[in-house]
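Visitor: Below is the structure I would like to discuss, written out as structure tokens.
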Amino acid sequence: MGADQLEMRLDKWLWAARFFKTRGLAQAAVHGGRVHLNQQRVRPSRSIKPGDVVSVTKGPYCFTVTVVALARQRGPAAAAAAMYQEHADSVEARERIREERALQRSTNSAPETRPDKRDRRRIVQFTRRRES
């Protein structure tokens, strides 16, 4: 962790904090409006500093974190987790969504067998009809 570093690019921080696997994915998320800094939509080159609030939306989940530290390079997951403090309401919301999704999965029973060739043809025919 770089204690002497005062500011850092947002996309680089997202990558170093392990929210995204590559900086390119982090940049795409920022450009796509899935990352907000202090409740404002920003560009990937925006500088962040400790104390800033970052909201990251990944799929159905939304992470709201406060930046605690900056890093010169991407490190292990334990070091990445020490770079931010997640808000309690963010954790609760993610847990609630996770439970809802688990409940939805449990109510949708899996088919007993895999579809055979005839069933697959019917599925393809049905989905093509709906797309048109």
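Chain labels run A, B, ... following the order of the structure tokens; each chain numbers its residues from 1, and ligands are numbered from 1 in the order shown.
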Excluding Val91 of chain A and any residue of its chain fewer than 3 positions from it, enumerate the residues within 9 Å of it, using only C-alpha atoms, and give them as a PyMOL selection string.

Guide: chain A and resi 62-64+86-88+94-96

Visitor: Just N, CA and C atoms for this one: save the residues we selected as a compact mmCIF listing (two decimals), in the first residue's frame.

Guide:
# COMPACT_ATOMS: atom_id res chain seq x y z
N CYS A 62 -24.85 -4.27 -5.89
CA CYS A 62 -24.29 -2.93 -5.83
C CYS A 62 -23.42 -2.83 -4.59
N PHE A 63 -22.17 -2.46 -4.76
CA PHE A 63 -21.23 -2.28 -3.67
C PHE A 63 -21.06 -0.78 -3.44
N THR A 64 -21.26 -0.33 -2.22
CA THR A 64 -21.00 1.06 -1.85
C THR A 64 -19.89 1.04 -0.81
N GLU A 86 -16.64 -1.31 3.25
CA GLU A 86 -17.98 -1.38 2.67
C GLU A 86 -19.02 -0.91 3.67
N HIS A 87 -20.01 -0.18 3.17
CA HIS A 87 -21.08 0.34 4.02
C HIS A 87 -22.00 -0.79 4.45
N ALA A 88 -22.56 -0.68 5.65
CA ALA A 88 -23.41 -1.74 6.21
C ALA A 88 -24.67 -1.94 5.38
N ARG A 94 -26.99 -6.52 -0.55
CA ARG A 94 -26.44 -7.63 -1.32
C ARG A 94 -26.88 -8.98 -0.75
N GLU A 95 -26.91 -9.10 0.57
CA GLU A 95 -27.36 -10.34 1.20
C GLU A 95 -28.83 -10.60 0.89
N ARG A 96 -29.64 -9.54 0.92
CA ARG A 96 -31.07 -9.69 0.62
C ARG A 96 -31.26 -10.16 -0.83

Visitor: If you run DSSP on the backbone here, which positions in chain A get strand (DSSP E)? Please write them as a PDB file with N, CA, C and O atoms, in the first residue's frame.

Guide:
ATOM      1  N   MET A   8      -5.106   8.738  -7.042  1.00  0.00           N
ATOM      2  CA  MET A   8      -4.929   7.626  -7.962  1.00  0.00           C
ATOM      3  C   MET A   8      -6.086   7.635  -8.948  1.00  0.00           C
ATOM      4  O   MET A   8      -7.184   8.070  -8.618  1.00  0.00           O
ATOM      5  N   ARG A   9      -5.856   7.130 -10.155  1.00  0.00           N
ATOM      6  CA  ARG A   9      -6.932   7.032 -11.149  1.00  0.00           C
ATOM      7  C   ARG A   9      -8.000   6.062 -10.651  1.00  0.00           C
ATOM      8  O   ARG A   9      -7.691   5.043 -10.038  1.00  0.00           O
ATOM      9  N   VAL A  35     -20.252   2.704 -12.373  1.00  0.00           N
ATOM     10  CA  VAL A  35     -19.409   3.147 -11.265  1.00  0.00           C
ATOM     11  C   VAL A  35     -19.665   4.631 -11.044  1.00  0.00           C
ATOM     12  O   VAL A  35     -19.639   5.425 -11.995  1.00  0.00           O
ATOM     13  N   HIS A  36     -19.913   4.999  -9.787  1.00  0.00           N
ATOM     14  CA  HIS A  36     -20.134   6.399  -9.437  1.00  0.00           C
ATOM     15  C   HIS A  36     -19.188   6.775  -8.306  1.00  0.00           C
ATOM     16  O   HIS A  36     -18.932   5.968  -7.402  1.00  0.00           O
ATOM     17  N   LEU A  37     -18.685   7.987  -8.361  1.00  0.00           N
ATOM     18  CA  LEU A  37     -17.794   8.510  -7.336  1.00  0.00           C
ATOM     19  C   LEU A  37     -18.501   9.667  -6.658  1.00  0.00           C
ATOM     20  O   LEU A  37     -18.852  10.652  -7.320  1.00  0.00           O
ATOM     21  N   GLN A  40     -21.724  10.773  -8.270  1.00  0.00           N
ATOM     22  CA  GLN A  40     -21.636  11.419  -9.573  1.00  0.00           C
ATOM     23  C   GLN A  40     -21.010  10.468 -10.576  1.00  0.00           C
ATOM     24  O   GLN A  40     -20.094   9.712 -10.254  1.00  0.00           O
ATOM     25  N   ARG A  41     -21.517  10.520 -11.798  1.00  0.00           N
ATOM     26  CA  ARG A  41     -20.933   9.728 -12.867  1.00  0.00           C
ATOM     27  C   ARG A  41     -19.646  10.413 -13.303  1.00  0.00           C
ATOM     28  O   ARG A  41     -19.632  11.631 -13.516  1.00  0.00           O
ATOM     29  N   SER A  47      -9.365  11.304 -10.550  1.00  0.00           N
ATOM     30  CA  SER A  47      -8.521  10.983  -9.401  1.00  0.00           C
ATOM     31  C   SER A  47      -9.394  10.756  -8.170  1.00  0.00           C
ATOM     32  O   SER A  47     -10.361  11.480  -7.937  1.00  0.00           O
ATOM     33  N   ILE A  48      -9.033   9.747  -7.405  1.00  0.00           N
ATOM     34  CA  ILE A  48      -9.724   9.490  -6.147  1.00  0.00           C
ATOM     35  C   ILE A  48      -8.717   9.576  -5.018  1.00  0.00           C
ATOM     36  O   ILE A  48      -7.509   9.475  -5.232  1.00  0.00           O
ATOM     37  N   VAL A  53     -16.378   8.155  -1.684  1.00  0.00           N
ATOM     38  CA  VAL A  53     -17.361   7.073  -1.699  1.00  0.00           C
ATOM     39  C   VAL A  53     -17.528   6.599  -3.140  1.00  0.00           C
ATOM     40  O   VAL A  53     -17.827   7.394  -4.027  1.00  0.00           O
ATOM     41  N   VAL A  54     -17.331   5.299  -3.356  1.00  0.00           N
ATOM     42  CA  VAL A  54     -17.431   4.705  -4.683  1.00  0.00           C
ATOM     43  C   VAL A  54     -18.575   3.689  -4.675  1.00  0.00           C
ATOM     44  O   VAL A  54     -18.661   2.860  -3.769  1.00  0.00           O
ATOM     45  N   SER A  55     -19.463   3.780  -5.684  1.00  0.00           N
ATOM     46  CA  SER A  55     -20.542   2.816  -5.849  1.00  0.00           C
ATOM     47  C   SER A  55     -20.270   2.022  -7.119  1.00  0.00           C
ATOM     48  O   SER A  55     -20.113   2.600  -8.190  1.00  0.00           O
ATOM     49  N   VAL A  56     -20.216   0.701  -6.986  1.00  0.00           N
ATOM     50  CA  VAL A  56     -19.922  -0.180  -8.108  1.00  0.00           C
ATOM     51  C   VAL A  56     -21.087  -1.150  -8.262  1.00  0.00           C
ATOM     52  O   VAL A  56     -21.455  -1.840  -7.316  1.00  0.00           O
ATOM     53  N   THR A  57     -21.656  -1.206  -9.474  1.00  0.00           N
ATOM     54  CA  THR A  57     -22.732  -2.147  -9.763  1.00  0.00           C
ATOM     55  C   THR A  57     -22.178  -3.254 -10.644  1.00  0.00           C
ATOM     56  O   THR A  57     -21.666  -2.996 -11.727  1.00  0.00           O
ATOM     57  N   LYS A  58     -22.276  -4.481 -10.142  1.00  0.00           N
ATOM     58  CA  LYS A  58     -21.821  -5.658 -10.888  1.00  0.00           C
ATOM     59  C   LYS A  58     -22.975  -6.643 -10.919  1.00  0.00           C
ATOM     60  O   LYS A  58     -23.288  -7.259  -9.905  1.00  0.00           O
ATOM     61  N   TYR A  61     -25.822  -6.913  -8.126  1.00  0.00           N
ATOM     62  CA  TYR A  61     -25.289  -6.447  -6.856  1.00  0.00           C
ATOM     63  C   TYR A  61     -24.704  -5.044  -6.962  1.00  0.00           C
ATOM     64  O   TYR A  61     -24.092  -4.690  -7.953  1.00  0.00           O
ATOM     65  N   CYS A  62     -24.855  -4.273  -5.894  1.00  0.00           N
ATOM     66  CA  CYS A  62     -24.289  -2.928  -5.834  1.00  0.00           C
ATOM     67  C   CYS A  62     -23.416  -2.827  -4.585  1.00  0.00           C
ATOM     68  O   CYS A  62     -23.883  -3.097  -3.478  1.00  0.00           O
ATOM     69  N   PHE A  63     -22.172  -2.460  -4.763  1.00  0.00           N
ATOM     70  CA  PHE A  63     -21.226  -2.277  -3.667  1.00  0.00           C
ATOM     71  C   PHE A  63     -21.062  -0.781  -3.436  1.00  0.00           C
ATOM     72  O   PHE A  63     -20.742  -0.047  -4.363  1.00  0.00           O
ATOM     73  N   THR A  64     -21.259  -0.328  -2.217  1.00  0.00           N
ATOM     74  CA  THR A  64     -20.997   1.064  -1.852  1.00  0.00           C
ATOM     75  C   THR A  64     -19.886   1.039  -0.814  1.00  0.00           C
ATOM     76  O   THR A  64     -20.072   0.503   0.286  1.00  0.00           O
ATOM     77  N   VAL A  65     -18.739   1.604  -1.189  1.00  0.00           N
ATOM     78  CA  VAL A  65     -17.559   1.530  -0.334  1.00  0.00           C
ATOM     79  C   VAL A  65     -16.941   2.908  -0.156  1.00  0.00           C
ATOM     80  O   VAL A  65     -17.119   3.805  -0.983  1.00  0.00           O
ATOM     81  N   THR A  66     -16.227   3.052   0.938  1.00  0.00           N
ATOM     82  CA  THR A  66     -15.431   4.248   1.184  1.00  0.00           C
ATOM     83  C   THR A  66     -13.972   3.884   0.977  1.00  0.00           C
ATOM     84  O   THR A  66     -13.492   2.880   1.525  1.00  0.00           O
ATOM     85  N   VAL A  67     -13.277   4.684   0.197  1.00  0.00           N
ATOM     86  CA  VAL A  67     -11.860   4.433  -0.085  1.00  0.00           C
ATOM     87  C   VAL A  67     -11.065   4.693   1.191  1.00  0.00           C
ATOM     88  O   VAL A  67     -11.172   5.762   1.796  1.00  0.00           O
ATOM     89  N   TYR A  84     -10.587  -0.629   1.139  1.00  0.00           N
ATOM     90  CA  TYR A  84     -11.901   0.007   1.217  1.00  0.00           C
ATOM     91  C   TYR A  84     -12.673  -0.523   2.417  1.00  0.00           C
ATOM     92  O   TYR A  84     -12.370  -1.589   2.952  1.00  0.00           O
ATOM     93  N   GLN A  85     -13.690   0.231   2.807  1.00  0.00           N
ATOM     94  CA  GLN A  85     -14.604  -0.153   3.879  1.00  0.00           C
ATOM     95  C   GLN A  85     -16.003  -0.144   3.292  1.00  0.00           C
ATOM     96  O   GLN A  85     -16.475   0.905   2.853  1.00  0.00           O
ATOM     97  N   GLU A  86     -16.638  -1.306   3.252  1.00  0.00           N
ATOM     98  CA  GLU A  86     -17.978  -1.384   2.665  1.00  0.00           C
ATOM     99  C   GLU A  86     -19.020  -0.913   3.675  1.00  0.00           C
ATOM    100  O   GLU A  86     -18.944  -1.219   4.860  1.00  0.00           O
TER     101      GLU A  86
END

Visitor: May I ask which of the residues A:Ala17, A:Asp89, A:Ala26, A:Pro60 is the closest one to Ser45 of chain A, counting only C-alpha atoms?

Guide: A:Ala26

Visitor: Please return, as a CSV table (one decimal) with all heavy atoms, in the first residue's frame, all residues of segment 4-112 of chain A that DSSP assigns to helix (DSSP H, G or I) on the basis of the backbone.

Guide:
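And here is the file that came out, selection-v5.csv:
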chain,number,residue,atom,x,y,z
A,10,LEU,N,-9.2,6.4,-10.9
A,10,LEU,CA,-10.4,5.5,-10.5
A,10,LEU,C,-10.3,4.1,-11.1
A,10,LEU,O,-10.4,3.2,-10.4
A,10,LEU,CB,-11.7,6.2,-10.9
A,10,LEU,CG,-13.0,5.4,-10.6
A,10,LEU,CD1,-13.1,5.1,-9.1
A,10,LEU,CD2,-14.2,6.1,-11.1
A,11,ASP,N,-10.0,4.0,-12.4
A,11,ASP,CA,-10.0,2.7,-13.0
A,11,ASP,C,-8.9,1.8,-12.4
A,11,ASP,O,-9.0,0.7,-12.2
A,11,ASP,CB,-9.9,2.8,-14.5
A,11,ASP,CG,-8.7,3.5,-15.0
A,11,ASP,OD1,-8.0,4.3,-14.3
A,11,ASP,OD2,-8.3,3.3,-16.2
A,12,LYS,N,-7.7,2.5,-12.1
A,12,LYS,CA,-6.6,1.7,-11.6
A,12,LYS,C,-6.9,1.3,-10.2
A,12,LYS,O,-6.6,0.2,-9.8
A,12,LYS,CB,-5.3,2.6,-11.6
A,12,LYS,CG,-4.1,1.8,-11.3
A,12,LYS,CD,-2.9,2.7,-11.6
A,12,LYS,CE,-1.6,1.9,-11.4
A,12,LYS,NZ,-0.4,2.6,-11.7
A,13,TRP,N,-7.6,2.1,-9.4
A,13,TRP,CA,-8.0,1.7,-8.0
A,13,TRP,C,-9.0,0.6,-8.1
A,13,TRP,O,-8.9,-0.4,-7.3
A,13,TRP,CB,-8.6,2.9,-7.3
A,13,TRP,CG,-8.9,2.6,-5.8
A,13,TRP,CD1,-8.0,2.6,-4.8
A,13,TRP,CD2,-10.1,2.1,-5.3
A,13,TRP,NE1,-8.6,2.2,-3.7
A,13,TRP,CE2,-9.9,1.9,-3.9
A,13,TRP,CE3,-11.4,1.8,-5.9
A,13,TRP,CZ2,-10.9,1.4,-3.1
A,13,TRP,CZ3,-12.4,1.4,-5.0
A,13,TRP,CH2,-12.2,1.2,-3.7
A,14,LEU,N,-10.0,0.6,-9.0
A,14,LEU,CA,-11.0,-0.5,-9.1
A,14,LEU,C,-10.3,-1.8,-9.4
A,14,LEU,O,-10.6,-2.8,-8.9
A,14,LEU,CB,-12.0,-0.1,-10.1
A,14,LEU,CG,-13.0,1.0,-9.8
A,14,LEU,CD1,-13.7,1.4,-11.0
A,14,LEU,CD2,-13.9,0.6,-8.7
A,15,TRP,N,-9.3,-1.7,-10.2
A,15,TRP,CA,-8.5,-2.9,-10.6
A,15,TRP,C,-7.7,-3.4,-9.4
A,15,TRP,O,-7.7,-4.6,-9.1
A,15,TRP,CB,-7.6,-2.6,-11.8
A,15,TRP,CG,-6.6,-3.6,-12.1
A,15,TRP,CD1,-6.8,-4.8,-12.7
A,15,TRP,CD2,-5.2,-3.5,-11.9
A,15,TRP,NE1,-5.6,-5.5,-12.8
A,15,TRP,CE2,-4.6,-4.7,-12.3
A,15,TRP,CE3,-4.4,-2.5,-11.3
A,15,TRP,CZ2,-3.2,-4.9,-12.2
A,15,TRP,CZ3,-3.0,-2.7,-11.2
A,15,TRP,CH2,-2.5,-3.9,-11.7
A,16,ALA,N,-7.0,-2.5,-8.8
A,16,ALA,CA,-6.1,-2.8,-7.6
A,16,ALA,C,-6.9,-3.4,-6.4
A,16,ALA,O,-6.5,-4.2,-5.7
A,16,ALA,CB,-5.3,-1.6,-7.2
A,23,ARG,N,-7.9,-3.7,-16.0
A,23,ARG,CA,-8.2,-2.2,-16.0
A,23,ARG,C,-9.2,-1.9,-17.2
A,23,ARG,O,-10.0,-1.0,-17.1
A,23,ARG,CB,-6.9,-1.4,-16.2
A,23,ARG,CG,-6.2,-1.2,-14.9
A,23,ARG,CD,-5.0,-0.3,-15.0
A,23,ARG,NE,-5.4,1.0,-15.4
A,23,ARG,CZ,-4.5,2.0,-15.7
A,23,ARG,NH1,-3.2,1.7,-15.7
A,23,ARG,NH2,-4.9,3.2,-16.1
A,24,GLY,N,-9.1,-2.7,-18.3
A,24,GLY,CA,-10.0,-2.5,-19.4
A,24,GLY,C,-11.4,-2.7,-19.0
A,24,GLY,O,-12.3,-1.9,-19.4
A,25,LEU,N,-11.7,-3.7,-18.2
A,25,LEU,CA,-13.0,-4.0,-17.7
A,25,LEU,C,-13.5,-2.9,-16.7
A,25,LEU,O,-14.6,-2.5,-16.7
A,25,LEU,CB,-13.1,-5.3,-17.0
A,25,LEU,CG,-13.0,-6.6,-17.9
A,25,LEU,CD1,-12.9,-7.8,-17.0
A,25,LEU,CD2,-14.2,-6.6,-18.8
A,26,ALA,N,-12.5,-2.4,-15.9
A,26,ALA,CA,-12.9,-1.3,-15.0
A,26,ALA,C,-13.2,0.0,-15.8
A,26,ALA,O,-14.2,0.7,-15.5
A,26,ALA,CB,-11.7,-1.0,-14.1
A,27,GLN,N,-12.5,0.3,-16.9
A,27,GLN,CA,-12.8,1.4,-17.7
A,27,GLN,C,-14.1,1.3,-18.4
A,27,GLN,O,-14.9,2.2,-18.4
A,27,GLN,CB,-11.7,1.6,-18.8
A,27,GLN,CG,-10.4,2.1,-18.2
A,27,GLN,CD,-9.3,2.2,-19.3
A,27,GLN,OE1,-9.5,1.6,-20.4
A,27,GLN,NE2,-8.2,2.8,-18.9
A,28,ALA,N,-14.4,0.1,-18.9
A,28,ALA,CA,-15.7,-0.1,-19.5
A,28,ALA,C,-16.9,0.1,-18.5
A,28,ALA,O,-17.9,0.6,-18.9
A,28,ALA,CB,-15.7,-1.5,-20.1
A,29,ALA,N,-16.7,-0.4,-17.3
A,29,ALA,CA,-17.7,-0.2,-16.3
A,29,ALA,C,-17.9,1.3,-16.0
A,29,ALA,O,-19.1,1.7,-15.8
A,29,ALA,CB,-17.4,-1.0,-15.0
A,30,VAL,N,-16.9,2.0,-15.9
A,30,VAL,CA,-17.0,3.4,-15.6
A,30,VAL,C,-17.7,4.2,-16.7
A,30,VAL,O,-18.6,5.0,-16.5
A,30,VAL,CB,-15.6,4.1,-15.3
A,30,VAL,CG1,-15.8,5.6,-15.1
A,30,VAL,CG2,-15.0,3.4,-14.0
A,31,HIS,N,-17.2,3.9,-18.0
A,31,HIS,CA,-17.9,4.5,-19.1
A,31,HIS,C,-19.3,4.1,-19.2
A,31,HIS,O,-20.2,4.9,-19.7
A,31,HIS,CB,-17.2,4.0,-20.4
A,31,HIS,CG,-15.9,4.8,-20.7
A,31,HIS,ND1,-15.9,6.2,-20.9
A,31,HIS,CD2,-14.6,4.4,-20.8
A,31,HIS,CE1,-14.7,6.6,-21.1
A,31,HIS,NE2,-13.9,5.5,-21.1
A,77,ALA,N,-5.6,-10.6,-2.3
A,77,ALA,CA,-7.0,-10.3,-2.0
A,77,ALA,C,-7.1,-9.6,-0.6
A,77,ALA,O,-7.9,-8.7,-0.4
A,77,ALA,CB,-7.9,-11.5,-2.1
A,78,ALA,N,-6.3,-10.1,0.3
A,78,ALA,CA,-6.4,-9.5,1.7
A,78,ALA,C,-6.0,-8.0,1.7
A,78,ALA,O,-6.6,-7.2,2.3
A,78,ALA,CB,-5.5,-10.3,2.6
A,79,ALA,N,-4.9,-7.7,0.9
A,79,ALA,CA,-4.5,-6.3,0.8
A,79,ALA,C,-5.5,-5.5,0.0
A,79,ALA,O,-5.8,-4.3,0.4
A,79,ALA,CB,-3.2,-6.2,0.1
A,80,ALA,N,-6.2,-6.1,-1.0
A,80,ALA,CA,-7.2,-5.4,-1.7
A,80,ALA,C,-8.4,-5.1,-0.8
A,80,ALA,O,-9.0,-4.0,-0.9
A,80,ALA,CB,-7.7,-6.2,-2.9
A,81,ALA,N,-8.8,-6.0,0.0
A,81,ALA,CA,-9.9,-5.8,0.9
A,81,ALA,C,-9.7,-4.7,1.9
A,81,ALA,O,-10.6,-4.0,2.4
A,81,ALA,CB,-10.3,-7.1,1.6
A,88,ALA,N,-22.6,-0.7,5.7
A,88,ALA,CA,-23.4,-1.7,6.2
A,88,ALA,C,-24.7,-1.9,5.4
A,88,ALA,O,-25.1,-3.1,5.1
A,88,ALA,CB,-23.8,-1.4,7.7
A,89,ASP,N,-25.3,-0.8,4.9
A,89,ASP,CA,-26.5,-1.0,4.1
A,89,ASP,C,-26.2,-1.7,2.8
A,89,ASP,O,-27.1,-2.4,2.2
A,89,ASP,CB,-27.2,0.4,3.9
A,89,ASP,CG,-26.3,1.4,3.3
A,89,ASP,OD1,-25.1,1.2,3.3
A,89,ASP,OD2,-26.8,2.4,2.7
A,90,SER,N,-25.0,-1.5,2.2
A,90,SER,CA,-24.6,-2.2,1.0
A,90,SER,C,-24.5,-3.7,1.2
A,90,SER,O,-25.0,-4.5,0.4
A,90,SER,CB,-23.3,-1.6,0.5
A,90,SER,OG,-22.8,-2.4,-0.6
A,91,VAL,N,-23.9,-4.1,2.3
A,91,VAL,CA,-23.8,-5.5,2.7
A,91,VAL,C,-25.2,-6.1,2.8
A,91,VAL,O,-25.5,-7.2,2.3
A,91,VAL,CB,-23.0,-5.7,3.9
A,91,VAL,CG1,-22.9,-7.2,4.3
A,91,VAL,CG2,-21.5,-5.2,3.7
A,92,GLU,N,-26.1,-5.4,3.6
A,92,GLU,CA,-27.4,-5.9,3.8
A,92,GLU,C,-28.2,-6.1,2.5
A,92,GLU,O,-28.9,-7.1,2.3
A,92,GLU,CB,-28.2,-5.0,4.7
A,92,GLU,CG,-27.7,-5.0,6.1
A,92,GLU,CD,-28.3,-3.9,7.0
A,92,GLU,OE1,-29.3,-3.3,6.6
A,92,GLU,OE2,-27.8,-3.7,8.1
A,93,ALA,N,-28.1,-5.1,1.6
A,93,ALA,CA,-28.8,-5.1,0.3
A,93,ALA,C,-28.3,-6.3,-0.5
A,93,ALA,O,-29.1,-7.0,-1.1
A,93,ALA,CB,-28.6,-3.8,-0.4
A,94,ARG,N,-27.0,-6.5,-0.5
A,94,ARG,CA,-26.4,-7.6,-1.3
A,94,ARG,C,-26.9,-9.0,-0.8
A,94,ARG,O,-27.2,-9.9,-1.5
A,94,ARG,CB,-24.9,-7.6,-1.4
A,94,ARG,CG,-24.4,-6.7,-2.4
A,94,ARG,CD,-22.9,-6.8,-2.7
A,94,ARG,NE,-22.1,-6.6,-1.5
A,94,ARG,CZ,-21.4,-7.5,-0.8
A,94,ARG,NH1,-21.5,-8.8,-1.3
A,94,ARG,NH2,-20.7,-7.3,0.2
A,95,GLU,N,-26.9,-9.1,0.6
A,95,GLU,CA,-27.4,-10.3,1.2
A,95,GLU,C,-28.8,-10.6,0.9
A,95,GLU,O,-29.2,-11.7,0.6
A,95,GLU,CB,-27.1,-10.3,2.7
A,95,GLU,CG,-25.7,-10.5,3.1
A,95,GLU,CD,-25.1,-11.8,2.7
A,95,GLU,OE1,-25.8,-12.8,2.9
A,95,GLU,OE2,-24.0,-11.8,2.2
A,96,ARG,N,-29.6,-9.5,0.9
A,96,ARG,CA,-31.1,-9.7,0.6
A,96,ARG,C,-31.3,-10.2,-0.8
A,96,ARG,O,-32.0,-11.1,-1.1
A,96,ARG,CB,-31.8,-8.4,0.9
A,96,ARG,CG,-33.3,-8.4,0.8
A,96,ARG,CD,-34.0,-7.2,1.2
A,96,ARG,NE,-33.5,-6.0,0.6
A,96,ARG,CZ,-32.7,-5.0,1.3
A,96,ARG,NH1,-32.4,-5.2,2.6
A,96,ARG,NH2,-32.3,-4.0,0.7
A,97,ILE,N,-30.5,-9.6,-1.8
A,97,ILE,CA,-30.6,-10.0,-3.2
A,97,ILE,C,-30.1,-11.4,-3.3
A,97,ILE,O,-30.8,-12.2,-4.1
A,97,ILE,CB,-29.8,-9.0,-4.1
A,97,ILE,CG1,-30.5,-7.6,-4.1
A,97,ILE,CG2,-29.7,-9.6,-5.5
A,97,ILE,CD1,-29.6,-6.6,-4.8
A,98,ARG,N,-29.1,-11.8,-2.7
A,98,ARG,CA,-28.5,-13.1,-2.8
A,98,ARG,C,-29.6,-14.1,-2.3
A,98,ARG,O,-29.8,-15.2,-2.9
A,98,ARG,CB,-27.2,-13.3,-2.0
A,98,ARG,CG,-26.5,-14.6,-2.2
A,98,ARG,CD,-25.3,-14.7,-1.3
A,98,ARG,NE,-25.6,-14.6,0.1
A,98,ARG,CZ,-26.1,-15.6,0.9
A,98,ARG,NH1,-26.4,-16.8,0.3
A,98,ARG,NH2,-26.3,-15.5,2.1
A,99,GLU,N,-30.2,-13.8,-1.1
A,99,GLU,CA,-31.3,-14.7,-0.6
A,99,GLU,C,-32.5,-14.8,-1.6
A,99,GLU,O,-33.0,-15.9,-1.7
A,99,GLU,CB,-31.7,-14.2,0.8
A,99,GLU,CG,-30.7,-14.4,1.8
A,99,GLU,CD,-31.0,-13.7,3.1
A,99,GLU,OE1,-32.2,-13.1,3.2
A,99,GLU,OE2,-30.2,-13.8,4.1
A,100,GLU,N,-32.9,-13.7,-2.1
A,100,GLU,CA,-34.0,-13.7,-3.1
A,100,GLU,C,-33.6,-14.6,-4.3
A,100,GLU,O,-34.5,-15.4,-4.8
A,100,GLU,CB,-34.3,-12.3,-3.6
A,100,GLU,CG,-35.0,-11.5,-2.5
A,100,GLU,CD,-35.2,-10.0,-2.9
A,100,GLU,OE1,-34.8,-9.7,-4.1
A,100,GLU,OE2,-35.6,-9.2,-2.1
A,101,ARG,N,-32.4,-14.5,-4.8
A,101,ARG,CA,-32.0,-15.3,-6.0
A,101,ARG,C,-31.9,-16.7,-5.6
A,101,ARG,O,-32.3,-17.6,-6.4
A,101,ARG,CB,-30.7,-14.8,-6.5
A,101,ARG,CG,-30.8,-13.4,-7.2
A,101,ARG,CD,-29.4,-12.8,-7.5
A,101,ARG,NE,-28.7,-13.7,-8.4
A,101,ARG,CZ,-28.6,-13.5,-9.7
A,101,ARG,NH1,-29.1,-12.4,-10.3
A,101,ARG,NH2,-27.9,-14.3,-10.5
A,102,ALA,N,-31.5,-17.1,-4.4
A,102,ALA,CA,-31.4,-18.5,-4.0
A,102,ALA,C,-32.8,-19.0,-3.9
A,102,ALA,O,-33.1,-20.2,-4.2
A,102,ALA,CB,-30.7,-18.6,-2.7
A,103,LEU,N,-33.8,-18.2,-3.4
A,103,LEU,CA,-35.2,-18.7,-3.3
A,103,LEU,C,-35.8,-18.9,-4.6
A,103,LEU,O,-36.5,-19.9,-4.8
A,103,LEU,CB,-36.0,-17.6,-2.5
A,103,LEU,CG,-37.4,-18.0,-2.2
A,103,LEU,CD1,-37.5,-19.2,-1.3
A,103,LEU,CD2,-38.1,-16.8,-1.5
A,104,GLN,N,-35.5,-18.0,-5.6
A,104,GLN,CA,-36.0,-18.2,-6.9
A,104,GLN,C,-35.4,-19.5,-7.6
A,104,GLN,O,-36.1,-20.2,-8.3
A,104,GLN,CB,-35.6,-17.0,-7.8
A,104,GLN,CG,-36.4,-15.7,-7.5
A,104,GLN,CD,-35.9,-14.5,-8.3
A,104,GLN,OE1,-34.9,-14.6,-9.0
A,104,GLN,NE2,-36.7,-13.5,-8.2
A,105,ARG,N,-34.2,-19.7,-7.3
A,105,ARG,CA,-33.6,-21.0,-7.9
A,105,ARG,C,-34.2,-22.2,-7.3
A,105,ARG,O,-34.4,-23.2,-8.0
A,105,ARG,CB,-32.1,-21.0,-7.6
A,105,ARG,CG,-31.2,-20.2,-8.6
A,105,ARG,CD,-29.8,-20.6,-8.5
A,105,ARG,NE,-29.3,-20.4,-7.1
A,105,ARG,CZ,-28.7,-19.3,-6.7
A,105,ARG,NH1,-28.6,-18.2,-7.5
A,105,ARG,NH2,-28.3,-19.2,-5.4
A,106,SER,N,-34.6,-22.1,-6.0
A,106,SER,CA,-35.1,-23.3,-5.4
A,106,SER,C,-36.6,-23.6,-5.8
A,106,SER,O,-37.0,-24.7,-5.9
A,106,SER,CB,-35.1,-23.2,-3.8
A,106,SER,OG,-36.0,-22.1,-3.4
A,107,THR,N,-37.3,-22.5,-6.2
A,107,THR,CA,-38.7,-22.7,-6.7
A,107,THR,C,-38.7,-23.2,-8.1
A,107,THR,O,-39.7,-23.8,-8.5
A,107,THR,CB,-39.5,-21.4,-6.6
A,107,THR,OG1,-38.8,-20.4,-7.4
A,107,THR,CG2,-39.6,-20.9,-5.1

Visitor: Pick out the residues sitting within 9 Å of Val68 of chain A, and hand them over as a short mmCIF file (atom, residue, chain, number, x, y, z; two decimals) with N, CA and C atoms, in the first residue's frame; count only C-alpha atoms, and ignore anything fewer than 6 positions along from it in its own chain.

Guide:
data_model
loop_
_atom_site.label_atom_id
_atom_site.label_comp_id
_atom_site.auth_asym_id
_atom_site.auth_seq_id
_atom_site.Cartn_x
_atom_site.Cartn_y
_atom_site.Cartn_z
N LYS A 49 -9.22 9.78 -3.83
CA LYS A 49 -8.37 9.88 -2.66
C LYS A 49 -9.08 9.20 -1.49
N PRO A 50 -8.38 8.87 -0.43
CA PRO A 50 -9.04 8.26 0.73
C PRO A 50 -10.16 9.15 1.24
N GLY A 51 -11.28 8.52 1.58
CA GLY A 51 -12.45 9.24 2.05
C GLY A 51 -13.54 9.36 1.00
N ASP A 52 -13.21 9.13 -0.28
CA ASP A 52 -14.21 9.19 -1.34
C ASP A 52 -15.13 7.97 -1.25
N ALA A 82 -8.38 -4.48 2.25
CA ALA A 82 -8.01 -3.43 3.21
C ALA A 82 -8.03 -2.04 2.57
N MET A 83 -8.22 -1.97 1.25
CA MET A 83 -8.21 -0.68 0.56
C MET A 83 -9.54 0.05 0.66
N TYR A 84 -10.59 -0.63 1.14
CA TYR A 84 -11.90 0.01 1.22
C TYR A 84 -12.67 -0.52 2.42
N GLN A 85 -13.69 0.23 2.81
CA GLN A 85 -14.60 -0.15 3.88
C GLN A 85 -16.00 -0.14 3.29
#
